[in-house]
Amino acid sequence: MEGPFNLTAENIAKVRKEPGVYILGFRGADGKDYGCYVGRSDEDISGRLGAWFALLTGDHIPHNDSERCVLRRRPDRYWREYAQSANQAYERECAIYHEHGQGYECNDVHPAKSYQHWHCPICGL
């Protein structure tokens, strides 16, 4: 993972429009970095980060528990990793999700599959 980067419009504009995985997070009072959500994009990681930025700046209304949680946590930084394919992004998101005890605080469900023939490399789902 590359980062952390400040979650700003300027930094998001520098992100390539490619498949990838990301972690939204913040710096704790103890000076350590913490993640609160892991996600991915099958095509455009910059677009997904932009959507989260829109939520955090009030340009988007939360529609689900994950979005409401992210809005409460107010992440101000992100980490990113580009992927060679949508499937590779899914597998990496799954790995991070499982590595962090079934995801971060704001991940309320296992990463979704874009195609039925995909399977989580950790749990087989």
# chains A, B, ... in the order shown; residues from 1 in each chain; ligands from 1
>>> select_by_dssp(residues="chain A", states="helix (DSSP H, G or I)", output="ChimeraX atom specification")
/A:9-13,45-56,65-73,86-99
>>> write_last_selection(atoms="N, CA and C atoms", output="CSV table (one decimal), in the first residue's frame")
chain,number,residue,atom,x,y,z
A,9,ALA,N,-9.2,16.8,-2.4
A,9,ALA,CA,-9.6,16.8,-3.8
A,9,ALA,C,-8.3,16.8,-4.7
A,10,GLU,N,-7.3,17.6,-4.2
A,10,GLU,CA,-6.0,17.7,-5.0
A,10,GLU,C,-5.3,16.4,-5.1
A,11,ASN,N,-5.3,15.7,-3.9
A,11,ASN,CA,-4.6,14.4,-3.9
A,11,ASN,C,-5.4,13.3,-4.7
A,12,ILE,N,-6.7,13.3,-4.6
A,12,ILE,CA,-7.5,12.4,-5.3
A,12,ILE,C,-7.4,12.6,-6.8
A,13,ALA,N,-7.2,13.8,-7.2
A,13,ALA,CA,-7.1,14.1,-8.7
A,13,ALA,C,-5.8,13.5,-9.3
A,45,ILE,N,-10.3,3.7,-9.2
A,45,ILE,CA,-10.1,3.9,-7.7
A,45,ILE,C,-10.2,5.4,-7.4
A,46,SER,N,-9.8,6.3,-8.3
A,46,SER,CA,-10.0,7.7,-8.1
A,46,SER,C,-11.4,8.1,-7.9
A,47,GLY,N,-12.3,7.5,-8.7
A,47,GLY,CA,-13.7,7.8,-8.6
A,47,GLY,C,-14.3,7.4,-7.3
A,48,ARG,N,-13.9,6.2,-6.8
A,48,ARG,CA,-14.4,5.8,-5.5
A,48,ARG,C,-13.9,6.7,-4.3
A,49,LEU,N,-12.6,7.1,-4.4
A,49,LEU,CA,-12.1,8.0,-3.4
A,49,LEU,C,-12.8,9.3,-3.5
A,50,GLY,N,-13.1,9.8,-4.7
A,50,GLY,CA,-13.9,11.0,-4.9
A,50,GLY,C,-15.3,10.9,-4.3
A,51,ALA,N,-15.9,9.8,-4.4
A,51,ALA,CA,-17.2,9.6,-3.8
A,51,ALA,C,-17.2,9.7,-2.3
A,52,TRP,N,-16.2,9.1,-1.7
A,52,TRP,CA,-16.0,9.2,-0.2
A,52,TRP,C,-15.7,10.6,0.2
A,53,PHE,N,-14.9,11.3,-0.6
A,53,PHE,CA,-14.6,12.7,-0.3
A,53,PHE,C,-15.9,13.6,-0.4
A,54,ALA,N,-16.8,13.3,-1.4
A,54,ALA,CA,-18.0,14.0,-1.5
A,54,ALA,C,-18.9,13.7,-0.3
A,55,LEU,N,-18.9,12.5,0.2
A,55,LEU,CA,-19.7,12.2,1.4
A,55,LEU,C,-19.2,13.0,2.6
A,56,LEU,N,-17.9,13.0,2.8
A,56,LEU,CA,-17.3,13.7,3.9
A,56,LEU,C,-17.4,15.2,3.8
A,65,ASP,N,-25.0,1.6,6.2
A,65,ASP,CA,-24.3,1.6,7.4
A,65,ASP,C,-22.9,1.9,7.3
A,66,SER,N,-22.2,1.4,6.2
A,66,SER,CA,-20.8,1.7,6.0
A,66,SER,C,-20.6,3.2,5.8
A,67,GLU,N,-21.4,3.8,5.0
A,67,GLU,CA,-21.3,5.2,4.7
A,67,GLU,C,-21.6,6.1,6.0
A,68,ARG,N,-22.6,5.7,6.8
A,68,ARG,CA,-22.8,6.4,8.0
A,68,ARG,C,-21.7,6.3,9.0
A,69,CYS,N,-21.1,5.1,9.1
A,69,CYS,CA,-19.9,4.9,9.9
A,69,CYS,C,-18.7,5.7,9.5
A,70,VAL,N,-18.4,5.7,8.2
A,70,VAL,CA,-17.3,6.5,7.7
A,70,VAL,C,-17.6,8.0,8.0
A,71,LEU,N,-18.8,8.4,7.8
A,71,LEU,CA,-19.1,9.8,8.1
A,71,LEU,C,-18.9,10.2,9.6
A,72,ARG,N,-19.2,9.2,10.5
A,72,ARG,CA,-19.0,9.4,11.9
A,72,ARG,C,-17.5,9.4,12.2
A,73,ARG,N,-16.7,8.6,11.6
A,73,ARG,CA,-15.2,8.4,11.9
A,73,ARG,C,-14.4,9.6,11.3
A,86,ALA,N,-9.7,-6.1,-12.2
A,86,ALA,CA,-10.8,-6.0,-11.2
A,86,ALA,C,-10.7,-7.2,-10.2
A,87,ASN,N,-10.5,-8.4,-10.8
A,87,ASN,CA,-10.4,-9.6,-9.9
A,87,ASN,C,-9.3,-9.5,-8.9
A,88,GLN,N,-8.1,-9.0,-9.4
A,88,GLN,CA,-7.0,-8.8,-8.4
A,88,GLN,C,-7.4,-7.8,-7.3
A,89,ALA,N,-8.1,-6.7,-7.7
A,89,ALA,CA,-8.5,-5.8,-6.7
A,89,ALA,C,-9.4,-6.4,-5.7
A,90,TYR,N,-10.4,-7.2,-6.2
A,90,TYR,CA,-11.3,-8.0,-5.3
A,90,TYR,C,-10.5,-8.9,-4.3
A,91,GLU,N,-9.6,-9.6,-4.8
A,91,GLU,CA,-8.8,-10.6,-4.0
A,91,GLU,C,-8.0,-9.8,-3.0
A,92,ARG,N,-7.4,-8.7,-3.3
A,92,ARG,CA,-6.6,-7.9,-2.4
A,92,ARG,C,-7.5,-7.3,-1.3
A,93,GLU,N,-8.7,-6.8,-1.7
A,93,GLU,CA,-9.6,-6.3,-0.7
A,93,GLU,C,-10.0,-7.3,0.3
A,94,CYS,N,-10.3,-8.5,-0.2
A,94,CYS,CA,-10.6,-9.7,0.7
A,94,CYS,C,-9.5,-10.0,1.6
A,95,ALA,N,-8.3,-10.0,1.1
A,95,ALA,CA,-7.1,-10.3,2.0
A,95,ALA,C,-7.0,-9.2,3.1
A,96,ILE,N,-7.2,-8.0,2.8
A,96,ILE,CA,-7.1,-6.9,3.8
A,96,ILE,C,-8.2,-7.0,4.8
A,97,TYR,N,-9.4,-7.3,4.3
A,97,TYR,CA,-10.6,-7.4,5.1
A,97,TYR,C,-10.4,-8.5,6.1
A,98,HIS,N,-9.9,-9.7,5.7
A,98,HIS,CA,-9.7,-10.8,6.6
A,98,HIS,C,-8.5,-10.5,7.6
A,99,GLU,N,-7.5,-9.9,7.0
A,99,GLU,CA,-6.3,-9.6,7.8
A,99,GLU,C,-6.6,-8.7,9.0
>>> residues_around(residues="A:Asn6", least_positions_apart="2", cutoff="8 Å", atoms="only C-alpha atoms", output="ChimeraX atom specification")
/A:4,8,11,76-78
>>> atom_distance(atom1="atom CA of A:Gly31", atom2="atom CA of A:Met1")
19.4 Å
>>> closest_residue(among="A:Gly3, A:Val38, A:Val15, A:Lys32", to="A:Tyr104", atoms="only C-alpha atoms")
A:Val38
>>> closest_residue(among="A:His60, A:Gly39, A:Arg80, A:Glu18", to="A:Val109", atoms="only C-alpha atoms")
A:Gly39
>>> residues_around(residues="A:Pro75", least_positions_apart="6", cutoff="8 Å", atoms="only C-alpha atoms", output="mmCIF file with C-alpha atoms, in the first residue's frame")
data_model
loop_
_atom_site.group_PDB
_atom_site.id
_atom_site.type_symbol
_atom_site.label_atom_id
_atom_site.label_comp_id
_atom_site.auth_asym_id
_atom_site.auth_seq_id
_atom_site.Cartn_x
_atom_site.Cartn_y
_atom_site.Cartn_z
ATOM 1 C CA LEU A 7 -7.881 12.861 1.720
ATOM 2 C CA LEU A 24 -9.714 5.138 4.578
ATOM 3 C CA GLY A 25 -8.274 6.167 7.926
ATOM 4 C CA PHE A 26 -7.227 8.790 10.406
ATOM 5 C CA CYS A 36 -11.698 2.483 9.389
#
>>> select_by_dssp(residues="chain A", states="strand (DSSP E)", output="VMD selection string")
chain A and resid 2 to 6 20 to 27 33 to 41 77 to 82
>>> atom_distance(atom1="atom CA of A:His63", atom2="atom CA of A:Glu2")
28.6 Å
>>> residues_around(residues="A:Gln84", least_positions_apart="6", cutoff="10 Å", atoms="only C-alpha atoms", output="ChimeraX atom specification")
/A:18-20,42
>>> closest_residue(among="A:Glu43, A:Ile23, A:Lys14, A:Gly101", to="A:Ser114", atoms="only C-alpha atoms")
A:Glu43
